[in-house]
>>> print(open('final35.csv').read())   # CSV, C-alpha atoms
chain,number,residue,atom,x,y,z
A,1,MET,CA,6.7,73.3,12.9
A,2,LYS,CA,7.5,75.2,9.7
A,3,ARG,CA,5.9,78.4,8.6
A,4,THR,CA,4.0,76.8,5.7
A,5,ALA,CA,2.1,74.4,7.9
A,6,LEU,CA,1.3,77.1,10.4
A,7,ALA,CA,0.0,79.3,7.7
A,8,VAL,CA,-2.2,76.6,6.3
A,9,MET,CA,-3.6,75.6,9.7
A,10,ALA,CA,-4.5,79.2,10.5
A,11,VAL,CA,-6.2,80.0,7.2
A,12,LEU,CA,-8.0,76.7,6.8
A,13,ALA,CA,-9.7,77.3,10.1
A,14,LEU,CA,-11.0,80.6,8.8
A,15,ALA,CA,-11.6,80.0,5.2
A,16,ALA,CA,-14.0,77.0,5.7
A,17,CYS,CA,-12.5,75.1,2.8
A,18,GLY,CA,-14.4,71.9,3.5
A,19,ASN,CA,-13.3,68.5,4.6
A,20,ASP,CA,-9.5,68.1,5.2
A,21,LYS,CA,-9.3,64.4,4.8
A,22,ALA,CA,-6.3,64.2,2.5
A,23,PRO,CA,-3.8,66.4,0.7
A,24,VAL,CA,-5.1,68.1,-2.3
A,25,ALA,CA,-3.4,67.4,-5.6
A,26,SER,CA,-3.4,70.9,-6.9
A,27,ASP,CA,-4.3,71.9,-10.5
A,28,GLN,CA,-3.0,75.4,-9.8
A,29,GLN,CA,0.1,77.0,-11.3
A,30,SER,CA,3.4,75.9,-9.8
A,31,ASP,CA,4.9,79.4,-9.3
A,32,LYS,CA,4.4,81.4,-6.2
A,33,SER,CA,1.5,83.8,-6.1
A,34,PRO,CA,2.1,87.3,-4.5
A,35,LEU,CA,0.4,86.3,-1.3
A,36,ALA,CA,2.2,83.0,-1.0
A,37,GLU,CA,5.4,84.9,-0.7
A,38,TYR,CA,4.3,85.9,2.7
A,39,MET,CA,2.0,83.0,3.8
A,40,GLY,CA,4.3,80.2,2.8
A,41,ASP,CA,5.1,77.8,0.0
A,42,GLY,CA,2.1,75.6,0.6
A,43,PHE,CA,-0.4,78.4,0.6
A,44,VAL,CA,-2.3,78.5,-2.7
A,45,SER,CA,-5.6,79.6,-4.0
A,46,SER,CA,-8.0,76.8,-4.7
A,47,SER,CA,-9.7,78.4,-7.7
A,48,GLY,CA,-12.9,78.8,-5.9
A,49,GLY,CA,-13.7,77.7,-2.3
A,50,GLY,CA,-10.9,79.4,-0.3
A,51,PHE,CA,-7.2,79.2,0.1
A,52,LYS,CA,-5.8,75.8,1.1
A,53,MET,CA,-2.8,73.6,1.2
A,54,ALA,CA,-1.9,71.8,-2.0
A,55,VAL,CA,0.4,68.9,-2.9
A,56,ARG,CA,1.5,69.5,-6.4
A,57,ALA,CA,4.0,68.5,-9.0
A,58,GLY,CA,7.5,69.1,-7.8
A,59,GLY,CA,7.0,67.7,-4.3
A,60,ALA,CA,7.4,69.4,-0.9
A,61,GLN,CA,10.1,71.8,0.0
A,62,GLN,CA,13.3,70.0,1.0
A,63,PRO,CA,14.2,70.2,4.7
A,64,THR,CA,17.4,72.0,5.7
A,65,GLU,CA,20.4,70.2,7.2
A,66,GLU,CA,19.5,71.7,10.6
A,67,GLU,CA,16.0,70.2,10.4
A,68,LEU,CA,17.4,66.8,9.3
A,69,ALA,CA,19.7,66.8,12.3
A,70,LYS,CA,16.7,67.4,14.6
A,71,GLN,CA,14.8,64.6,13.0
A,72,ARG,CA,17.7,62.3,13.5
A,73,LYS,CA,17.8,63.2,17.2
A,74,VAL,CA,14.0,62.5,17.4
A,75,GLU,CA,14.6,59.1,15.9
A,76,ASP,CA,17.4,58.3,18.3
A,77,ALA,CA,15.4,59.5,21.4
A,78,THR,CA,12.4,57.5,20.2
A,79,ALA,CA,14.6,54.3,19.9
A,80,THR,CA,16.0,54.9,23.4
A,81,CYS,CA,12.6,55.4,24.9
A,82,MET,CA,11.1,52.3,23.2
A,83,LYS,CA,14.0,50.2,24.4
A,84,ALA,CA,13.3,51.3,28.0
A,85,ALA,CA,9.7,50.3,27.4
A,86,GLY,CA,10.8,46.8,26.3
A,87,PHE,CA,10.3,47.2,22.5
A,88,GLU,CA,12.7,47.2,19.6
A,89,TYR,CA,12.7,50.3,17.5
A,90,VAL,CA,15.2,51.2,14.8
A,91,ALA,CA,16.1,54.8,14.4
A,92,VAL,CA,15.5,55.5,10.7
A,93,PRO,CA,17.5,58.4,9.2
A,94,PRO,CA,15.2,61.0,7.7
A,95,GLU,CA,17.0,60.7,4.4
A,96,GLN,CA,15.6,57.2,4.1
A,97,ASN,CA,12.1,58.5,4.5
A,98,ALA,CA,12.5,61.3,2.0
A,99,LYS,CA,10.3,59.5,-0.5
A,100,SER,CA,6.9,58.7,0.9
A,101,LYS,CA,4.7,55.9,-0.3
A,102,PHE,CA,3.0,58.3,-2.7
A,103,SER,CA,5.8,60.8,-3.5
A,104,GLU,CA,6.2,59.5,-7.0
A,105,ALA,CA,2.5,60.0,-7.6
A,106,PHE,CA,2.5,63.6,-6.4
A,107,ASN,CA,5.5,64.4,-8.5
A,108,LEU,CA,3.5,63.7,-11.7
A,109,PRO,CA,2.3,66.7,-13.7
A,110,PRO,CA,-1.4,67.5,-12.9
A,111,ASP,CA,-2.7,65.9,-16.1
A,112,LYS,CA,-0.7,62.7,-15.6
A,113,PHE,CA,-1.8,62.6,-12.0
A,114,ALA,CA,-5.4,62.9,-13.1
A,115,GLU,CA,-5.0,60.1,-15.6
A,116,GLN,CA,-3.7,57.7,-13.0
A,117,TYR,CA,-5.2,58.9,-9.7
A,118,GLY,CA,-8.0,61.3,-10.5
A,119,TYR,CA,-8.1,63.6,-7.5
A,120,GLY,CA,-6.4,61.1,-5.2
A,121,ILE,CA,-9.6,60.8,-3.1
A,122,SER,CA,-10.9,57.2,-3.7
A,123,THR,CA,-7.8,56.1,-5.6
A,124,ILE,CA,-5.4,56.4,-2.6
A,125,ASP,CA,-6.0,54.8,0.8
A,126,TRP,CA,-4.8,57.6,3.0
A,127,SER,CA,-5.2,55.4,6.1
A,128,LYS,CA,-2.1,53.5,4.9
A,129,ALA,CA,-0.2,56.6,3.8
A,130,GLY,CA,2.2,56.2,6.7
A,131,GLU,CA,3.0,52.6,5.9
A,132,ASP,CA,6.4,51.9,4.4
A,133,ASP,CA,7.5,48.3,3.8
A,134,SER,CA,11.1,49.4,3.6
A,135,ASN,CA,10.9,50.8,7.2
A,136,PRO,CA,12.3,48.2,9.6
A,137,ASN,CA,9.9,49.2,12.3
A,138,THR,CA,7.0,48.2,10.1
A,139,LYS,CA,8.4,44.7,9.9
A,140,ILE,CA,9.1,44.7,13.7
A,141,ARG,CA,5.5,45.6,14.5
A,142,SER,CA,4.0,43.2,12.0
A,143,ALA,CA,5.9,40.3,13.6
A,144,LEU,CA,4.1,40.9,17.0
A,145,SER,CA,0.9,39.4,18.1
A,146,ALA,CA,-2.3,41.6,18.0
A,147,ALA,CA,-2.0,42.2,21.8
A,148,ALA,CA,1.7,43.1,21.5
A,149,GLN,CA,1.0,45.4,18.6
A,150,LYS,CA,-1.5,47.4,20.7
A,151,ALA,CA,1.1,47.6,23.5
A,152,TYR,CA,3.7,48.7,20.9
A,153,ASP,CA,1.5,51.4,19.5
A,154,LYS,CA,0.7,52.6,23.0
A,155,ALA,CA,4.4,52.9,23.9
A,156,LEU,CA,5.2,54.6,20.6
A,157,ASN,CA,2.3,57.0,20.2
A,158,GLY,CA,0.5,57.0,23.5
A,159,PRO,CA,-2.7,55.4,24.8
A,160,ASN,CA,-4.9,57.5,22.4
A,161,ALA,CA,-3.3,56.3,19.2
A,162,ASN,CA,-5.0,53.9,16.8
A,163,GLY,CA,-3.1,51.3,14.7
A,164,SER,CA,-2.3,53.8,12.0
A,165,GLY,CA,-0.7,56.2,14.4
A,166,ALA,CA,-3.6,58.7,14.3
A,167,VAL,CA,-4.5,60.2,17.7
A,168,VAL,CA,-8.1,59.7,18.8
A,169,ILE,CA,-9.4,62.8,20.5
A,170,GLU,CA,-12.8,62.9,22.2
A,171,GLY,CA,-14.2,66.4,21.7
A,172,GLY,CA,-16.5,68.2,24.1
A,173,LYS,CA,-18.1,71.6,24.1
A,174,ASP,CA,-15.0,73.0,25.9
A,175,GLY,CA,-12.5,71.4,23.5
A,176,PRO,CA,-10.6,68.1,23.5
A,177,SER,CA,-11.0,66.2,26.7
A,178,SER,CA,-7.9,65.2,28.7
A,179,SER,CA,-6.9,64.7,32.2
A,180,GLY,CA,-3.7,66.6,32.6
A,181,GLN,CA,-1.2,66.6,29.8
A,182,GLN,CA,-1.8,64.2,27.0
A,183,ASP,CA,0.5,61.2,26.8
A,184,LEU,CA,1.9,61.0,23.2
A,185,GLY,CA,4.2,58.1,23.9
A,186,CYS,CA,7.9,57.8,23.0
A,187,ARG,CA,7.6,59.6,19.8
A,188,GLY,CA,5.8,62.6,21.4
A,189,LYS,CA,8.4,62.7,24.2
A,190,ALA,CA,11.2,62.6,21.7
A,191,VAL,CA,9.7,65.5,19.7
A,192,LYS,CA,9.3,67.5,22.9
A,193,GLN,CA,12.8,66.7,24.0
A,194,VAL,CA,14.3,67.9,20.7
A,195,TYR,CA,12.0,70.8,19.7
A,196,GLY,CA,10.8,71.9,23.2
A,197,ASP,CA,7.3,72.3,24.6
A,198,GLY,CA,4.8,73.0,21.9
A,199,ALA,CA,3.4,75.9,24.0
A,200,ASP,CA,6.8,77.5,23.7
A,201,ARG,CA,6.6,77.4,19.9
A,202,SER,CA,2.9,78.3,19.6
A,203,ILE,CA,1.8,81.4,17.8
A,204,ASP,CA,-1.0,83.7,18.9
A,205,PHE,CA,-3.0,83.7,15.7
A,206,LYS,CA,-5.7,85.9,17.2
A,207,LYS,CA,-3.5,88.9,16.6
A,208,PHE,CA,-3.9,88.1,12.8
A,209,ASP,CA,-7.7,87.7,12.9
A,210,SER,CA,-8.2,90.9,10.9
A,211,LEU,CA,-5.6,89.8,8.3
A,212,PHE,CA,-7.3,86.4,7.9
A,213,LYS,CA,-10.7,88.0,7.5
A,214,ASP,CA,-9.3,90.3,4.8
A,215,ILE,CA,-7.9,87.2,3.0
A,216,GLN,CA,-11.3,85.6,3.1
A,217,ALA,CA,-12.8,88.8,1.6
A,218,LEU,CA,-10.1,88.7,-1.0
A,219,GLN,CA,-11.0,85.2,-2.1
A,220,LYS,CA,-14.6,86.2,-2.5
A,221,ARG,CA,-13.6,89.2,-4.6
A,222,ILE,CA,-11.6,86.9,-6.9
A,223,ASP,CA,-14.4,84.3,-7.1
A,224,THR,CA,-17.0,86.9,-8.0
A,225,ASP,CA,-14.9,88.8,-10.5
A,226,GLN,CA,-16.8,88.7,-13.8
A,227,ARG,CA,-13.9,87.3,-15.7
A,228,VAL,CA,-13.8,84.3,-13.2
A,229,VAL,CA,-17.6,84.0,-13.4
A,230,ASP,CA,-17.4,83.8,-17.2
A,231,ALA,CA,-14.5,81.4,-17.1
A,232,THR,CA,-16.4,79.2,-14.6
A,233,SER,CA,-19.5,79.2,-16.8
A,234,ALA,CA,-17.3,78.1,-19.8
A,235,TRP,CA,-15.7,75.4,-17.7
A,236,SER,CA,-19.2,74.2,-16.7
A,237,ASP,CA,-20.3,74.0,-20.3
A,238,CYS,CA,-17.1,72.2,-21.2
A,239,MET,CA,-17.8,69.6,-18.5
A,240,ALA,CA,-21.3,69.1,-19.6
A,241,ASP,CA,-20.1,68.5,-23.2
A,242,ALA,CA,-17.8,65.9,-21.7
A,243,GLY,CA,-20.7,64.1,-20.1
A,244,HIS,CA,-20.5,65.7,-16.6
A,245,SER,CA,-23.5,68.0,-16.2
A,246,ASN,CA,-24.8,70.0,-13.3
A,247,LEU,CA,-21.4,71.1,-12.2
A,248,LYS,CA,-21.5,74.8,-11.3
A,249,LYS,CA,-18.5,75.4,-9.2
A,250,VAL,CA,-14.9,74.2,-9.9
A,251,ASP,CA,-14.9,72.4,-6.5
A,252,ASP,CA,-18.0,70.5,-7.3
A,253,PRO,CA,-16.3,67.5,-9.0
A,254,ARG,CA,-14.0,66.9,-6.1
A,255,GLU,CA,-16.8,67.3,-3.6
A,256,GLN,CA,-19.0,64.9,-5.6
A,257,ILE,CA,-16.4,62.2,-5.4
A,258,GLN,CA,-15.7,62.8,-1.7
A,259,GLN,CA,-19.5,62.5,-0.9
A,260,LYS,CA,-19.7,59.2,-2.8
A,261,LEU,CA,-16.6,57.9,-0.9
A,262,ASP,CA,-18.1,59.0,2.4
A,263,THR,CA,-21.3,57.0,1.6
A,264,LEU,CA,-19.3,54.0,0.6
A,265,THR,CA,-17.1,54.0,3.7
A,266,GLY,CA,-19.8,55.1,6.1
A,267,ASN,CA,-17.7,58.1,7.1
A,268,LYS,CA,-19.6,61.1,8.4
A,269,PRO,CA,-17.8,64.4,7.7
A,270,PRO,CA,-18.0,67.1,10.4
A,271,THR,CA,-20.9,69.5,10.1
A,272,LYS,CA,-20.2,73.2,10.2
A,273,GLY,CA,-21.2,74.5,13.6
A,274,GLY,CA,-22.2,71.1,14.8
A,275,PRO,CA,-21.0,69.1,17.8
A,276,SER,CA,-17.4,68.1,18.0
A,277,LYS,CA,-16.5,64.6,17.0
A,278,THR,CA,-13.9,61.9,17.5
A,279,ILE,CA,-11.0,62.4,15.2
A,280,THR,CA,-9.5,59.1,14.0
A,281,GLY,CA,-7.9,59.9,10.7
A,282,PRO,CA,-9.0,59.0,7.2
A,283,PRO,CA,-11.2,55.9,6.9
A,284,SER,CA,-9.7,52.6,5.7
A,285,PHE,CA,-10.8,51.0,2.5
A,286,ASP,CA,-10.2,47.5,3.9
A,287,LYS,CA,-13.9,46.8,4.6
A,288,VAL,CA,-15.3,48.6,1.5
A,289,ASP,CA,-17.0,46.7,-1.2
A,290,SER,CA,-14.2,46.2,-3.7
A,291,ALA,CA,-16.4,46.2,-6.8
A,292,LYS,CA,-18.1,49.5,-5.8
A,293,LEU,CA,-14.7,51.1,-4.9
A,294,SER,CA,-13.3,50.1,-8.3
A,295,GLU,CA,-16.3,51.7,-10.0
A,296,LEU,CA,-15.9,54.8,-8.0
A,297,ARG,CA,-12.2,55.0,-8.9
A,298,LYS,CA,-13.0,54.7,-12.6
A,299,SER,CA,-15.6,57.5,-12.2
A,300,GLU,CA,-13.2,59.7,-10.3
A,301,ILE,CA,-10.4,59.3,-12.9
A,302,ALA,CA,-12.8,60.1,-15.8
A,303,LEU,CA,-14.1,63.1,-14.0
A,304,ALA,CA,-10.7,64.4,-13.1
A,305,VAL,CA,-9.3,64.0,-16.6
A,306,ALA,CA,-12.2,65.9,-18.1
A,307,ASP,CA,-11.8,68.6,-15.3
A,308,GLN,CA,-8.1,69.0,-16.2
A,309,LYS,CA,-8.8,69.4,-19.9
A,310,CYS,CA,-11.7,71.9,-19.4
A,311,LYS,CA,-9.7,74.0,-16.9
A,312,ALA,CA,-6.7,74.0,-19.3
A,313,GLY,CA,-9.0,75.3,-22.0
A,314,GLY,CA,-9.2,78.7,-20.5
A,315,TYR,CA,-10.3,78.7,-16.9
A,316,ASP,CA,-6.8,78.3,-15.4
A,317,ASP,CA,-5.3,81.3,-17.3
A,318,ALA,CA,-8.3,83.5,-16.6
A,319,TYR,CA,-8.3,82.7,-12.9
A,320,LYS,CA,-4.6,83.2,-12.5
A,321,LYS,CA,-4.7,86.6,-14.2
A,322,VAL,CA,-7.4,87.8,-11.8
A,323,GLN,CA,-5.9,86.1,-8.7
A,324,TYR,CA,-2.4,87.5,-9.2
A,325,ALA,CA,-3.6,91.1,-9.9
A,326,ALA,CA,-5.9,91.0,-6.8
A,327,GLU,CA,-3.2,89.5,-4.6
A,328,LYS,CA,-0.6,92.1,-5.7
A,329,GLU,CA,-3.0,94.8,-4.8
A,330,PHE,CA,-3.8,93.1,-1.5
A,331,VAL,CA,-0.1,92.8,-0.7
A,332,ASP,CA,0.5,96.4,-1.4
A,333,GLN,CA,-2.4,97.4,1.0
A,334,HIS,CA,-1.5,94.9,3.8
A,335,LYS,CA,2.3,94.7,3.5
A,336,ALA,CA,3.0,95.6,7.1
A,337,GLU,CA,0.6,93.0,8.4
A,338,LEU,CA,1.9,90.3,6.0
A,339,GLU,CA,5.5,91.1,7.0
A,340,ALA,CA,4.6,90.8,10.6
A,341,TYR,CA,2.9,87.4,10.0
A,342,ARG,CA,5.9,86.2,8.0
A,343,ASP,CA,8.3,87.3,10.7
A,344,GLU,CA,6.2,85.8,13.5
A,345,THR,CA,6.0,82.4,11.8
A,346,ALA,CA,9.6,82.3,10.4
A,347,ASN,CA,11.6,79.3,11.7
A,348,ARG,CA,8.5,77.8,13.4
>>> encode(input="final35.csv", output="structure tokens")
Amino acid sequence: MKRTALAVMAVLALAACGNDKAPVASDQQSDKSPLAEYMGDGFVSSSGGGFKMAVRAGGAQQPTEEELAKQRKVEDATATCMKAAGFEYVAVPPEQNAKSKFSEAFNLPPDKFAEQYGYGISTIDWSKAGEDDSNPNTKIRSALSAAAQKAYDKALNGPNANGSGAVVIEGGKDGPSSSGQQDLGCRGKAVKQVYGDGADRSIDFKKFDSLFKDIQALQKRIDTDQRVVDATSAWSDCMADAGHSNLKKVDDPREQIQQKLDTLTGNKPPTKGGPSKTITGPPSFDKVDSAKLSELRKSEIALAVADQKCKAGGYDDAYKKVQYAAEKEFVDQHKAELEAYRDETANR
């Protein structure tokens, strides 16, 4: 697992950034902030509401040849395992999967993305994000009977995988329930075979608790800076003038759309401090009222377009100025800790 992903997981858990249902199409600047130099390429400020992972124009960082070679070995090992289980599986070179189903969308500039997809919340069915019609294994699975598909999924991803490949975990007060080591199927076995036991690559994030708490405090200082407060107020007025009133925080538009989608799909987001829940991945839109979904998508796009224009009118520049100055000071004061974190997570 790469440093970027690890940084995100650690800080997301501490920053309480909200529901993590889908990648966030960032409206932030595309250059690295001072803190991102240490926390990873995907670590960006959310302009209010914590630091989080963002999918932005320009796409993801390209994997190294060493990483590609490992991915090829995983595919080969998966195919061998599936054959032993009585199923056909074609090892797909990682280069063939370089472009995901939505890669072109997320390579759009933020304003163009907003015009076509809004925030990418109701406009993209993330439950189908892993589907690829060009992948021969998609065709192989589709040709099977319903019962055979279940057996195929079980062999490939283990008994706790649903049809989309998401692992279903029943949570309890003491954490995810399991009897012994979890069976992740041929794919999980292949990953372990190539990359080693996950425990061997794990990082003790507890040693960085103090750093993460300081980062949380940094975000609060940025959000409460009078220049950001004034810029947020101006953004709110701009949104009201555009017909979108009662928006006080820059995360409000996105959260508003997410809440409407949750209501439409019947999805119940996790509550802070509440009981653990079954994790099944993002809800599918297959059984959603198509007319209501279409209306929500139109609403999302209109809201996102107005949001982009209002932020570009002054908010983005004001926030970036405060953020970069605060992060530079933070880096100067926490350099030893940040370097330790970067070294610990390098090549993970």
>>> closest_residue(input="final35.csv", among="A:Tyr319, A:Tyr38, A:Tyr119, A:Trp126", to="Pro253 in chain A", atoms="all atoms listed in the file")
A:Tyr119
>>> atom_distance(input="final35.csv", atom1="CA of Thr224 in chain A", atom2="CA of Phe208 in chain A")
24.6 Å
>>> atom_distance(input="final35.csv", atom1="CA of Glu95 in chain A", atom2="CA of Asn135 in chain A")
12.0 Å
>>> atom_distance(input="final35.csv", atom1="CA of Thr123 in chain A", atom2="CA of Leu261 in chain A")
10.1 Å
>>> residues_around(input="final35.csv", residues="range 295-306 of chain A", least_positions_apart="5", cutoff="8 Å", atoms="only C-alpha atoms", output="MDAnalysis selection string")
chainID A and resid 111 114:119 122:123 239 242 244 253 257 260:261
>>> closest_residue(input="final35.csv", among="A:Ile215, A:Asp252, A:Ala148, A:Asn160", to="Ala36 in chain A", atoms="all atoms listed in the file")
A:Ile215
>>> closest_residue(input="final35.csv", among="A:Asn157, A:Gln256, A:Ser245, A:Gln193", to="Val74 in chain A", atoms="only C-alpha atoms")
A:Gln193
>>> closest_residue(input="final35.csv", among="A:Lys268, A:Arg254, A:Lys328, A:Lys292", to="Ile121 in chain A", atoms="all atoms listed in the file")
A:Arg254
>>> residues_near_point(input="final35.csv", point="(9.9, 51.2, 12.7)", cutoff="6 Å", atoms="all atoms listed in the file", output="PDB file with C-alpha atoms, in the frame of the given file")
ATOM      1  CA  TYR A  89      12.700  50.300  17.500  1.00  0.00           C
ATOM      2  CA  VAL A  90      15.200  51.200  14.800  1.00  0.00           C
ATOM      3  CA  ASN A 135      10.900  50.800   7.200  1.00  0.00           C
ATOM      4  CA  PRO A 136      12.300  48.200   9.600  1.00  0.00           C
ATOM      5  CA  ASN A 137       9.900  49.200  12.300  1.00  0.00           C
ATOM      6  CA  THR A 138       7.000  48.200  10.100  1.00  0.00           C
TER       7      THR A 138
END
>>> residues_around(input="final35.csv", residues="Lys70 in chain A", least_positions_apart="2", cutoff="12 Å", atoms="only C-alpha atoms", output="list in words")
Met1, Pro63, Thr64, Glu65, Glu66, Glu67, Leu68, Arg72, Lys73, Val74, Glu75, Asp76, Ala77, Pro93, Pro94, Ala190, Val191, Lys192, Gln193, Val194, Tyr195 and Gly196 of chain A
>>> write_last_selection(input="final35.csv", atoms="C-alpha atoms", output="PDB file, in the coordinates of the input")
ATOM      1  CA  MET A   1       6.700  73.300  12.900  1.00  0.00           C
ATOM      2  CA  PRO A  63      14.200  70.200   4.700  1.00  0.00           C
ATOM      3  CA  THR A  64      17.400  72.000   5.700  1.00  0.00           C
ATOM      4  CA  GLU A  65      20.400  70.200   7.200  1.00  0.00           C
ATOM      5  CA  GLU A  66      19.500  71.700  10.600  1.00  0.00           C
ATOM      6  CA  GLU A  67      16.000  70.200  10.400  1.00  0.00           C
ATOM      7  CA  LEU A  68      17.400  66.800   9.300  1.00  0.00           C
ATOM      8  CA  ARG A  72      17.700  62.300  13.500  1.00  0.00           C
ATOM      9  CA  LYS A  73      17.800  63.200  17.200  1.00  0.00           C
ATOM     10  CA  VAL A  74      14.000  62.500  17.400  1.00  0.00           C
ATOM     11  CA  GLU A  75      14.600  59.100  15.900  1.00  0.00           C
ATOM     12  CA  ASP A  76      17.400  58.300  18.300  1.00  0.00           C
ATOM     13  CA  ALA A  77      15.400  59.500  21.400  1.00  0.00           C
ATOM     14  CA  PRO A  93      17.500  58.400   9.200  1.00  0.00           C
ATOM     15  CA  PRO A  94      15.200  61.000   7.700  1.00  0.00           C
ATOM     16  CA  ALA A 190      11.200  62.600  21.700  1.00  0.00           C
ATOM     17  CA  VAL A 191       9.700  65.500  19.700  1.00  0.00           C
ATOM     18  CA  LYS A 192       9.300  67.500  22.900  1.00  0.00           C
ATOM     19  CA  GLN A 193      12.800  66.700  24.000  1.00  0.00           C
ATOM     20  CA  VAL A 194      14.300  67.900  20.700  1.00  0.00           C
ATOM     21  CA  TYR A 195      12.000  70.800  19.700  1.00  0.00           C
ATOM     22  CA  GLY A 196      10.800  71.900  23.200  1.00  0.00           C
TER      23      GLY A 196
END
>>> closest_residue(input="final35.csv", among="A:Lys311, A:Gln96, A:Ser290, A:Phe285", to="Lys249 in chain A", atoms="all atoms listed in the file")
A:Lys311
>>> closest_residue(input="final35.csv", among="A:Glu255, A:Ala291, A:Tyr315, A:Asp183", to="Ala231 in chain A", atoms="only C-alpha atoms")
A:Tyr315
